[in-house]
$ cat entry.cif   # mmCIF, C-alpha atoms and all ligand atoms
data_entry
loop_
_atom_site.label_atom_id
_atom_site.label_comp_id
_atom_site.auth_asym_id
_atom_site.auth_seq_id
_atom_site.Cartn_x
_atom_site.Cartn_y
_atom_site.Cartn_z
CA MET A 1 120.72 98.49 139.28
CA LYS A 2 120.26 101.80 137.48
CA ILE A 3 120.34 102.77 133.80
CA ALA A 4 123.67 104.45 133.04
CA ASP A 5 123.75 104.70 129.24
CA ILE A 6 121.69 104.01 126.11
CA ARG A 7 123.23 103.32 122.72
CA ALA A 8 121.42 102.82 119.42
CA THR A 9 123.01 101.55 116.22
CA THR A 10 121.23 101.32 112.90
CA VAL A 11 122.26 98.31 110.85
CA THR A 12 121.24 96.91 107.51
CA VAL A 13 121.35 93.14 107.14
CA PRO A 14 121.06 91.42 103.75
CA LEU A 15 118.05 89.32 102.78
CA GLU A 16 118.48 86.42 100.39
CA ALA A 17 116.50 88.36 97.76
CA PRO A 18 114.32 91.49 97.37
CA LEU A 19 110.83 90.75 98.73
CA LEU A 20 107.68 92.31 97.28
CA HIS A 21 104.66 93.58 99.15
CA GLY A 22 101.70 95.87 98.66
CA ASN A 23 103.70 99.00 99.36
CA GLY A 24 106.69 98.16 97.20
CA ALA A 25 109.62 96.01 98.26
CA HIS A 26 112.19 95.18 100.90
CA TRP A 27 115.07 95.94 98.61
CA GLY A 28 117.36 93.05 99.49
CA ARG A 29 117.93 94.02 103.11
CA PHE A 30 116.29 94.97 106.36
CA VAL A 31 117.08 98.21 108.17
CA ARG A 32 116.83 97.81 111.96
CA THR A 33 118.06 99.71 114.98
CA ILE A 34 119.77 97.78 117.76
CA VAL A 35 119.48 99.28 121.23
CA GLU A 36 121.86 98.64 124.12
CA VAL A 37 120.91 99.82 127.60
CA GLU A 38 123.85 99.74 130.02
CA THR A 39 123.48 99.74 133.79
CA ASP A 40 125.73 100.95 136.59
CA ASN A 41 126.54 97.33 137.50
CA GLY A 42 127.98 96.66 134.04
CA LEU A 43 125.10 94.73 132.44
CA VAL A 44 123.87 95.46 128.90
CA GLY A 45 120.25 94.84 127.97
CA LEU A 46 119.24 94.50 124.31
CA GLY A 47 116.37 95.96 122.32
CA GLU A 48 115.50 96.30 118.64
CA MET A 49 113.27 98.51 116.52
CA GLY A 50 112.31 98.51 112.83
CA GLY A 51 113.74 101.16 110.53
CA GLY A 52 116.48 103.48 111.59
CA GLY A 53 118.93 106.12 110.62
CA GLN A 54 120.02 109.27 112.37
CA SER A 55 116.54 110.13 113.60
CA ALA A 56 116.08 106.74 115.28
CA GLU A 57 119.56 106.83 116.82
CA GLN A 58 118.91 110.40 117.96
CA ALA A 59 115.51 109.46 119.46
CA PHE A 60 117.18 106.84 121.65
CA ARG A 61 120.07 109.19 122.50
CA ALA A 62 117.51 111.77 123.62
CA LEU A 63 116.16 109.25 126.14
CA ARG A 64 119.58 108.88 127.78
CA PRO A 65 119.47 111.87 130.18
CA TYR A 66 115.79 111.25 130.80
CA LEU A 67 116.20 107.57 131.78
CA ALA A 68 119.62 107.82 133.46
CA GLY A 69 119.18 106.53 137.02
CA HIS A 70 115.96 104.64 136.21
CA ASP A 71 115.74 101.19 137.80
CA PRO A 72 115.02 98.66 134.99
CA PHE A 73 112.72 96.73 137.38
CA GLN A 74 110.34 99.72 137.35
CA LEU A 75 108.72 98.71 134.09
CA GLU A 76 105.36 100.35 134.65
CA ALA A 77 106.97 103.68 135.54
CA LEU A 78 109.07 103.28 132.38
CA ARG A 79 105.90 102.97 130.31
CA PHE A 80 104.55 106.19 131.77
CA LYS A 81 107.89 107.92 131.28
CA ILE A 82 108.17 107.06 127.58
CA ALA A 83 104.66 106.38 126.30
CA ASN A 84 102.28 107.89 128.84
CA PRO A 85 98.91 106.50 127.74
CA THR A 86 97.08 109.60 129.01
CA ALA A 87 99.25 112.04 127.11
CA ALA A 88 98.26 110.89 123.61
CA LEU A 89 101.90 110.19 122.81
CA TYR A 90 101.48 107.34 120.39
CA GLY A 91 103.23 106.34 117.21
CA ASP A 92 106.95 106.12 117.49
CA ARG A 93 106.90 106.46 121.27
CA THR A 94 105.10 103.12 121.45
CA GLN A 95 107.91 101.56 119.45
CA LEU A 96 110.67 103.38 121.34
CA HIS A 97 109.11 102.15 124.55
CA ALA A 98 108.98 98.59 123.21
CA ALA A 99 112.71 98.57 122.46
CA ILE A 100 113.60 99.93 125.91
CA GLU A 101 111.20 97.51 127.60
CA PHE A 102 112.89 94.57 125.80
CA ALA A 103 116.25 95.82 127.10
CA CYS A 104 114.95 96.25 130.67
CA LEU A 105 113.45 92.75 130.71
CA ASP A 106 116.78 91.48 129.39
CA LEU A 107 118.57 93.35 132.20
CA ILE A 108 116.24 92.05 134.92
CA GLY A 109 116.66 88.49 133.63
CA GLN A 110 120.45 88.80 133.54
CA HIS A 111 120.50 90.38 136.99
CA LEU A 112 118.42 87.55 138.49
CA GLY A 113 119.94 84.82 136.31
CA VAL A 114 116.58 83.79 134.81
CA PRO A 115 115.16 83.82 131.27
CA VAL A 116 112.60 86.50 130.37
CA TYR A 117 109.86 83.88 130.10
CA ASP A 118 110.25 83.21 133.83
CA LEU A 119 109.60 86.89 134.51
CA LEU A 120 106.37 86.57 132.52
CA GLY A 121 104.85 83.63 134.33
CA GLY A 122 106.97 80.75 133.07
CA LYS A 123 107.05 78.99 129.75
CA LEU A 124 104.20 76.79 128.58
CA ARG A 125 106.22 75.44 125.63
CA ASP A 126 109.91 74.93 124.91
CA SER A 127 109.67 75.96 121.27
CA VAL A 128 107.35 78.14 119.21
CA PRO A 129 105.78 76.98 115.92
CA PHE A 130 106.30 79.28 112.92
CA ALA A 131 104.66 79.71 109.54
CA ALA A 132 106.71 79.93 106.36
CA TYR A 133 106.48 83.53 105.17
CA LEU A 134 106.11 83.34 101.39
CA PHE A 135 106.82 86.51 99.42
CA PHE A 136 106.86 87.08 95.71
CA ARG A 137 110.48 88.05 95.13
CA TYR A 138 112.99 89.17 92.55
CA PRO A 139 115.88 86.87 91.64
CA ALA A 140 119.19 87.48 93.37
CA SER A 141 122.56 85.80 93.25
CA GLY A 142 121.93 82.08 93.69
CA VAL A 143 118.23 82.66 94.41
CA THR A 144 115.43 82.24 91.87
CA GLU A 145 112.56 84.67 91.39
CA VAL A 146 109.13 83.85 92.85
CA ARG A 147 106.42 85.15 90.53
CA THR A 148 104.45 82.27 89.01
CA PRO A 149 102.31 79.72 90.87
CA GLU A 150 104.87 77.03 89.95
CA GLN A 151 107.75 79.08 91.36
CA LEU A 152 105.78 79.81 94.51
CA VAL A 153 104.98 76.13 95.06
CA ALA A 154 108.63 75.19 94.49
CA HIS A 155 109.71 77.87 96.99
CA ALA A 156 107.19 76.69 99.60
CA ARG A 157 108.26 73.07 99.15
CA ALA A 158 111.93 74.00 99.51
CA LEU A 159 111.25 75.96 102.73
CA LYS A 160 109.17 73.11 104.09
CA ALA A 161 111.94 70.63 103.32
CA GLU A 162 114.57 72.87 104.92
CA HIS A 163 112.69 74.11 107.99
CA GLY A 164 109.74 71.74 108.44
CA PHE A 165 106.92 74.30 108.06
CA THR A 166 103.36 73.01 108.01
CA VAL A 167 101.76 76.47 107.87
CA HIS A 168 102.35 78.87 104.99
CA LYS A 169 101.56 82.58 104.84
CA LEU A 170 101.41 84.23 101.42
CA LYS A 171 102.22 87.93 101.40
CA GLY A 172 100.02 89.31 98.65
CA GLY A 173 98.89 92.72 97.46
CA VAL A 174 101.53 92.61 94.73
CA PHE A 175 99.68 91.20 91.71
CA PRO A 176 95.97 91.42 90.85
CA PRO A 177 93.86 89.47 93.32
CA GLY A 178 92.64 86.92 90.75
CA TYR A 179 96.25 86.00 90.01
CA GLU A 180 97.14 85.78 93.69
CA LEU A 181 94.08 83.58 94.23
CA ASP A 182 95.46 81.15 91.62
CA CYS A 183 98.80 81.20 93.44
CA TYR A 184 97.15 80.55 96.80
CA ARG A 185 95.07 77.69 95.45
CA ALA A 186 98.19 76.22 93.82
CA LEU A 187 99.85 76.20 97.26
CA ALA A 188 96.83 74.45 98.79
CA ALA A 189 96.84 71.80 96.06
CA ALA A 190 100.59 71.21 96.44
CA LEU A 191 100.64 71.06 100.24
CA PRO A 192 97.72 68.85 101.31
CA GLY A 193 97.32 68.65 105.08
CA ASP A 194 99.14 71.96 105.63
CA ARG A 195 97.45 75.19 106.63
CA LEU A 196 97.48 78.50 104.79
CA ARG A 197 97.00 82.20 105.39
CA TYR A 198 96.92 85.12 102.96
CA ASP A 199 97.82 88.73 103.74
CA PRO A 200 97.53 91.43 101.04
CA ASN A 201 98.31 94.21 103.56
CA ALA A 202 94.78 95.64 103.30
CA VAL A 203 95.00 96.71 99.66
CA LEU A 204 91.95 94.85 98.29
CA SER A 205 88.69 96.60 97.53
CA LEU A 206 85.78 95.51 99.69
CA GLY A 207 84.35 93.50 96.80
CA ASP A 208 87.64 91.73 96.11
CA GLY A 209 88.16 91.07 99.82
CA ILE A 210 84.78 89.35 99.98
CA ARG A 211 85.33 87.49 96.70
CA PHE A 212 88.76 86.30 97.82
CA GLY A 213 87.39 85.13 101.17
CA GLN A 214 84.56 83.25 99.49
CA ALA A 215 86.86 81.71 96.89
CA ILE A 216 89.15 80.13 99.50
CA ALA A 217 86.41 78.93 101.86
CA ASP A 218 86.94 75.28 100.88
CA LEU A 219 90.67 75.34 101.77
CA ASP A 220 92.49 74.70 105.03
CA ASN A 221 92.87 78.36 106.01
CA ASP A 222 94.15 79.64 109.31
CA TYR A 223 92.71 83.03 108.46
CA LEU A 224 92.51 85.81 105.93
CA GLU A 225 94.70 88.66 107.19
CA ASP A 226 93.85 92.31 106.61
CA PRO A 227 92.14 91.79 103.25
CA VAL A 228 90.86 95.39 103.37
CA PHE A 229 91.69 98.41 105.46
CA GLY A 230 89.93 99.47 108.64
CA LEU A 231 87.73 97.94 111.30
CA GLU A 232 84.63 98.86 109.31
CA GLY A 233 86.04 97.27 106.15
CA LEU A 234 86.97 94.08 107.99
CA ARG A 235 83.52 93.94 109.58
CA GLN A 236 81.85 94.10 106.20
CA VAL A 237 84.08 91.35 104.79
CA ARG A 238 83.51 89.26 107.91
CA ASP A 239 79.73 89.49 107.48
CA ARG A 240 80.02 87.87 104.06
CA ILE A 241 82.62 85.11 104.47
CA SER A 242 83.19 82.07 106.66
CA VAL A 243 87.01 82.24 106.89
CA PRO A 244 88.23 83.89 110.14
CA LEU A 245 89.79 87.34 109.75
CA ALA A 246 93.04 88.44 111.37
CA THR A 247 94.65 91.85 111.67
CA ASN A 248 97.97 93.42 112.53
CA THR A 249 96.98 96.87 111.28
CA VAL A 250 93.85 98.08 113.05
CA VAL A 251 93.93 96.29 116.41
CA VAL A 252 97.32 97.25 117.85
CA ASN A 253 96.35 98.94 121.10
CA ALA A 254 93.89 98.59 123.96
CA GLU A 255 91.37 101.10 122.56
CA GLN A 256 91.18 99.28 119.26
CA LEU A 257 90.94 95.93 121.00
CA ALA A 258 88.00 97.25 123.02
CA ALA A 259 86.31 98.45 119.82
CA ASN A 260 86.86 95.02 118.28
CA VAL A 261 85.36 93.31 121.33
CA LEU A 262 82.29 95.56 121.27
CA ARG A 263 81.73 95.09 117.54
CA ARG A 264 83.81 92.26 116.19
CA ALA A 265 85.78 92.89 113.03
CA ALA A 266 88.75 90.55 113.46
CA ASP A 267 88.67 87.04 114.93
CA VAL A 268 92.41 86.71 115.40
CA ILE A 269 94.60 89.42 116.94
CA LEU A 270 98.20 89.42 115.78
CA LEU A 271 100.38 90.37 118.72
CA ASP A 272 103.50 92.23 117.64
CA THR A 273 105.95 93.01 120.43
CA THR A 274 106.95 96.27 118.72
CA LEU A 275 103.62 97.52 117.34
CA TRP A 276 101.85 96.86 120.64
CA GLY A 277 104.60 98.61 122.58
CA GLY A 278 106.34 95.72 124.31
CA ILE A 279 105.98 92.11 125.40
CA ARG A 280 103.92 93.07 128.44
CA ALA A 281 101.38 95.00 126.35
CA CYS A 282 100.91 91.85 124.25
CA LEU A 283 100.28 89.83 127.40
CA ARG A 284 97.71 92.34 128.64
CA ALA A 285 95.97 92.11 125.25
CA ALA A 286 96.13 88.31 125.44
CA VAL A 287 94.03 88.30 128.63
CA VAL A 288 91.29 90.18 126.78
CA CYS A 289 91.60 87.91 123.74
CA GLU A 290 91.30 84.83 125.93
CA THR A 291 88.26 86.23 127.73
CA PHE A 292 86.42 87.13 124.54
CA GLN A 293 87.45 84.02 122.60
CA LEU A 294 89.59 85.91 120.10
CA GLY A 295 92.38 83.89 118.51
CA MET A 296 95.94 85.18 118.79
CA ALA A 297 99.24 84.70 117.08
CA VAL A 298 102.70 86.19 117.43
CA HIS A 299 103.20 88.69 114.60
CA SER A 300 106.30 89.73 112.72
CA SER A 301 106.96 93.17 111.33
CA GLY A 302 110.49 92.09 110.39
CA GLU A 303 113.18 91.11 112.85
CA LEU A 304 116.77 90.33 113.63
CA GLY A 305 117.71 87.99 116.47
CA VAL A 306 116.95 90.39 119.35
CA GLN A 307 113.40 91.04 118.19
CA LEU A 308 112.99 87.34 117.39
CA ALA A 309 113.94 86.54 120.99
CA THR A 310 111.14 88.82 122.22
CA MET A 311 108.71 86.94 119.95
CA LEU A 312 109.94 83.58 121.26
CA HIS A 313 109.56 84.60 124.91
CA LEU A 314 106.06 85.92 124.18
CA GLY A 315 105.18 82.74 122.28
CA ALA A 316 106.52 80.64 125.16
CA VAL A 317 104.18 82.11 127.76
CA LEU A 318 100.98 82.87 125.81
CA PRO A 319 98.13 80.64 126.88
CA GLY A 320 95.69 79.91 124.08
CA LEU A 321 98.29 80.35 121.36
CA SER A 322 96.08 79.00 118.63
CA TYR A 323 98.23 79.65 115.56
CA ALA A 324 101.83 79.42 114.39
CA ALA A 325 103.85 82.64 114.66
CA ASP A 326 104.99 84.72 111.68
CA ALA A 327 108.63 85.54 111.07
CA HIS A 328 110.49 87.07 108.15
CA TYR A 329 113.58 85.54 109.76
CA HIS A 330 114.18 82.70 107.29
CA HIS A 331 114.66 85.29 104.50
CA LEU A 332 117.66 86.83 106.25
CA ALA A 333 121.13 86.00 104.99
CA ASP A 334 122.71 86.71 108.40
CA ASP A 335 122.06 88.05 111.89
CA VAL A 336 123.83 90.26 114.43
CA ILE A 337 123.69 87.81 117.35
CA THR A 338 126.46 85.49 118.46
CA GLY A 339 126.34 82.00 117.02
CA GLY A 340 124.61 83.13 113.80
CA LYS A 341 120.92 82.76 113.00
CA LEU A 342 118.67 80.83 115.37
CA LYS A 343 117.65 77.53 113.78
CA TYR A 344 114.27 76.16 112.82
CA ALA A 345 113.59 72.47 113.42
CA GLY A 346 110.28 70.84 112.55
CA GLY A 347 108.86 74.30 111.78
CA ARG A 348 109.68 75.55 115.30
CA ILE A 349 112.39 77.58 117.00
CA ASP A 350 113.56 76.79 120.52
CA VAL A 351 112.93 79.46 123.13
CA PRO A 352 116.32 80.71 124.42
CA ASP A 353 116.93 79.47 127.97
CA GLY A 354 119.84 81.77 128.87
CA PRO A 355 119.40 84.67 131.29
CA GLY A 356 117.32 87.59 130.01
CA LEU A 357 116.41 87.40 126.35
CA GLY A 358 119.08 84.72 125.97
CA VAL A 359 120.75 86.26 122.92
CA ARG A 360 123.88 88.42 122.82
CA LEU A 361 125.27 90.70 120.13
CA ASP A 362 128.19 89.76 117.95
CA PRO A 363 130.09 93.09 117.98
CA GLY A 364 131.87 92.29 114.70
CA LYS A 365 128.55 91.71 112.92
CA VAL A 366 126.99 94.84 114.40
CA ALA A 367 129.99 96.89 113.22
CA ARG A 368 129.92 95.32 109.76
CA TYR A 369 126.19 95.92 109.22
CA ALA A 370 126.32 99.40 110.72
CA GLU A 371 129.04 100.18 108.17
CA LEU A 372 126.87 98.68 105.41
CA TYR A 373 124.04 100.96 106.53
CA ARG A 374 126.33 104.00 106.39
CA GLU A 375 127.33 102.94 102.88
CA LEU A 376 123.86 102.16 101.50
CA GLY A 377 121.55 104.27 103.66
CA GLY A 378 117.86 103.51 104.03
CA TYR A 379 115.53 102.74 101.19
CA PRO A 380 113.06 105.57 100.64
CA TYR A 381 109.84 104.27 102.07
CA ASP A 382 109.53 100.82 100.55
CA ARG A 383 110.00 102.02 96.96
CA ASP A 384 110.40 99.18 94.52
CA PRO A 385 113.25 99.87 92.07
CA GLY A 386 111.99 96.91 90.02
CA ARG A 387 108.84 98.89 89.19
CA PRO A 388 110.14 102.38 88.43
CA GLY A 389 107.39 104.98 88.48
CA TRP A 390 105.02 102.71 90.40
CA TYR A 391 103.77 103.86 93.74
CA PRO A 392 101.09 102.51 96.03
CA LEU A 393 97.64 103.99 95.60
CA VAL A 394 95.02 104.43 98.27
CA PRO A 395 94.28 101.07 99.92
CA ASN A 396 91.13 99.52 98.48
CA GLU A 397 91.64 101.32 95.15
CA ARG A 398 94.61 99.36 93.87
CA TRP A 399 92.75 97.08 91.52
CA ALA A 400 90.27 99.33 89.79
CA ASP A 401 91.10 97.64 86.45
CA PRO A 402 88.14 95.37 85.57
CA ALA A 403 90.54 92.95 83.86
CA THR A 404 91.94 92.08 87.26
CA GLU A 405 88.61 91.41 88.97
CA LEU A 406 87.95 88.10 90.66
CA GLY A 407 84.53 87.27 89.25
CA PRO A 408 80.95 87.79 90.33
CA LEU A 409 80.23 88.73 93.90
CA THR A 410 77.84 86.30 95.56
O1 LIG B 1 107.39 92.74 105.48
O2 LIG B 1 106.11 93.22 103.85
C1 LIG B 1 106.30 92.96 105.02
C2 LIG B 1 105.12 92.82 105.91
O3 LIG B 1 103.97 93.22 105.24
C3 LIG B 1 105.27 93.62 107.15
O4 LIG B 1 105.55 94.93 106.81
C4 LIG B 1 104.05 93.55 108.01
O5 LIG B 1 104.30 94.20 109.23
O6 LIG B 1 104.46 91.18 108.21
C5 LIG B 1 103.60 92.22 108.42
C6 LIG B 1 102.19 91.83 108.11
O7 LIG B 1 101.46 92.61 107.51
O8 LIG B 1 101.80 90.76 108.51
MG MG B 2 99.76 91.44 108.09
#
$ encode --input "entry.cif" --output "structure tokens"
Amino acid sequence: MKIADIRATTVTVPLEAPLLHGNGAHWGRFVRTIVEVETDNGLVGLGEMGGGGQSAEQAFRALRPYLAGHDPFQLEALRFKIANPTAALYGDRTQLHAAIEFACLDLIGQHLGVPVYDLLGGKLRDSVPFAAYLFFRYPASGVTEVRTPEQLVAHARALKAEHGFTVHKLKGGVFPPGYELDCYRALAAALPGDRLRYDPNAVLSLGDGIRFGQAIADLDNDYLEDPVFGLEGLRQVRDRISVPLATNTVVVNAEQLAANVLRRAADVILLDTTLWGGIRACLRAAVVCETFQLGMAVHSSGELGVQLATMLHLGAVLPGLSYAADAHYHHLADDVITGGKLKYAGGRIDVPDGPGLGVRLDPGKVARYAELYRELGGYPYDRDPGRPGWYPLVPNERWADPATELGPLT
């Protein structure tokens, strides 16, 4: 089996409503690039990457002559071909490599007639637990806004009733930290017995990060995720609070993991199949996490069904999976895979058992959402049209206004 062709199609798929975060907003849709790697024996392996447009499609097209004739089984050679770790080719190449690795694993699984999890050591669980991903959001047709603590609680309760979540992650960094603390505590009061996590995408000042961590110490927290930016910032917060810290920003490769082992800054490493550069990179990181007693969870940087399948296969085989996975998935109004969106039941999603990744593309949906992308284009950075003129400041300097401070630092 040899790679014969690579196709990449940027799509935009509607979300139920615009979602707010510390850098602006997901303006009512996700932009993703779907990758199809075709082999000389007629199989098609699937990959996915965040963002898109001509440059993403072109980057995958440029790999076509380079990877033509490559045997998808040769995964380690593939890593060196695309993201040679000794050539300081990081950034996008890591993510390009991830998408092609997903497709090659999908191809190997289809070729052998086995699911990807069997290529990775076999599944330890049939389904993966997920957290509800709670965003402040703008209203949209048939969907209410989420801005006040009452609205947030109602939203969390509705998601719990629909999908069975018992863990809830609040995406913060949108409103002043004191206000978001009230929202978080309202969730805790409304959902006794459930677990919580808060992620302001590293925008808090050091003082506010410490204050926030101290102010939630009595609650049932999984962890506080990226309260401030940087390993040094996290270390200083960690010294002053009892809640475990997690990160998906500053421990996303082996070097950073080593630094975190030598001088601990984060207690929980969020394994993202794209940001780490593939499912296999996450598994290599997991061995280190297990050895050094670091917690781990499957992370979401946004996904359609192909990426979600990679997260499910990773979640199926990870030993020591101590936390529920993240997924933006329940905010999507649709998907590009056959059979529509994968379903949650009891807060979990079943791991696909079909050959390879176990999901296939619905060509009609891909065409429709590629057309929608051509019509609407990308959204410039994550600009928030609901806050014209607003733009994100330097992390850790967002809340310089004393009126928004959390209270005395202890
Ligand atoms: O979708 O706003 C978002 C998230 O903040 C995403 O961009 C992050 O990759 O989910 C992620 C996280 O920070 O945990
Ligand atoms: Mg995060």
$ closest_residue --input "entry.cif" --among "A:Val174, A:Leu20, A:Ile210, A:Val44" --to "ligand LIG 1 (chain B)" --atoms "all atoms listed in the file"
A:Leu20
$ atom_distance --input "entry.cif" --atom1 "atom CA of Arg264 of chain A" --atom2 "atom CA of Ala98 of chain A"
26.9 Å
$ atom_distance --input "entry.cif" --atom1 "atom CA of Thr144 of chain A" --atom2 "atom CA of Val336 of chain A"
25.4 Å
$ axis_aligned_box --input "entry.cif" --around "ligand LIG 1 (chain B)" --padding-each-side "6 Å" --output "JSON"
{"center_x": 104.4, "center_y": 92.8, "center_z": 106.5, "size_x": 17.9, "size_y": 16.2, "size_z": 17.4}
$ residues_near_ligand --input "entry.cif" --ligand "ligand MG 2 (chain B)" --cutoff "7 Å" --atoms "only C-alpha atoms and all ligand atoms" --output "PDB file with C-alpha atoms, in the coordinates of the input"
ATOM      1  CA  ASP A 199      97.820  88.730 103.740  1.00  0.00           C
ATOM      2  CA  ASN A 201      98.310  94.210 103.560  1.00  0.00           C
ATOM      3  CA  GLU A 225      94.700  88.660 107.190  1.00  0.00           C
ATOM      4  CA  ASP A 226      93.850  92.310 106.610  1.00  0.00           C
ATOM      5  CA  THR A 247      94.650  91.850 111.670  1.00  0.00           C
ATOM      6  CA  ASN A 248      97.970  93.420 112.530  1.00  0.00           C
ATOM      7  CA  THR A 249      96.980  96.870 111.280  1.00  0.00           C
TER       8      THR A 249
END
$ residues_around --input "entry.cif" --residues "Asp218 of chain A" --least-positions-apart "3" --cutoff "10 Å" --atoms "all atoms listed in the file" --output "PyMOL selection string"
chain A and resi 213-215+221+242-243
$ residues_near_ligand --input "entry.cif" --ligand "ligand LIG 1 (chain B)" --cutoff "9 Å" --atoms "all atoms listed in the file" --output "count of residues only"
33
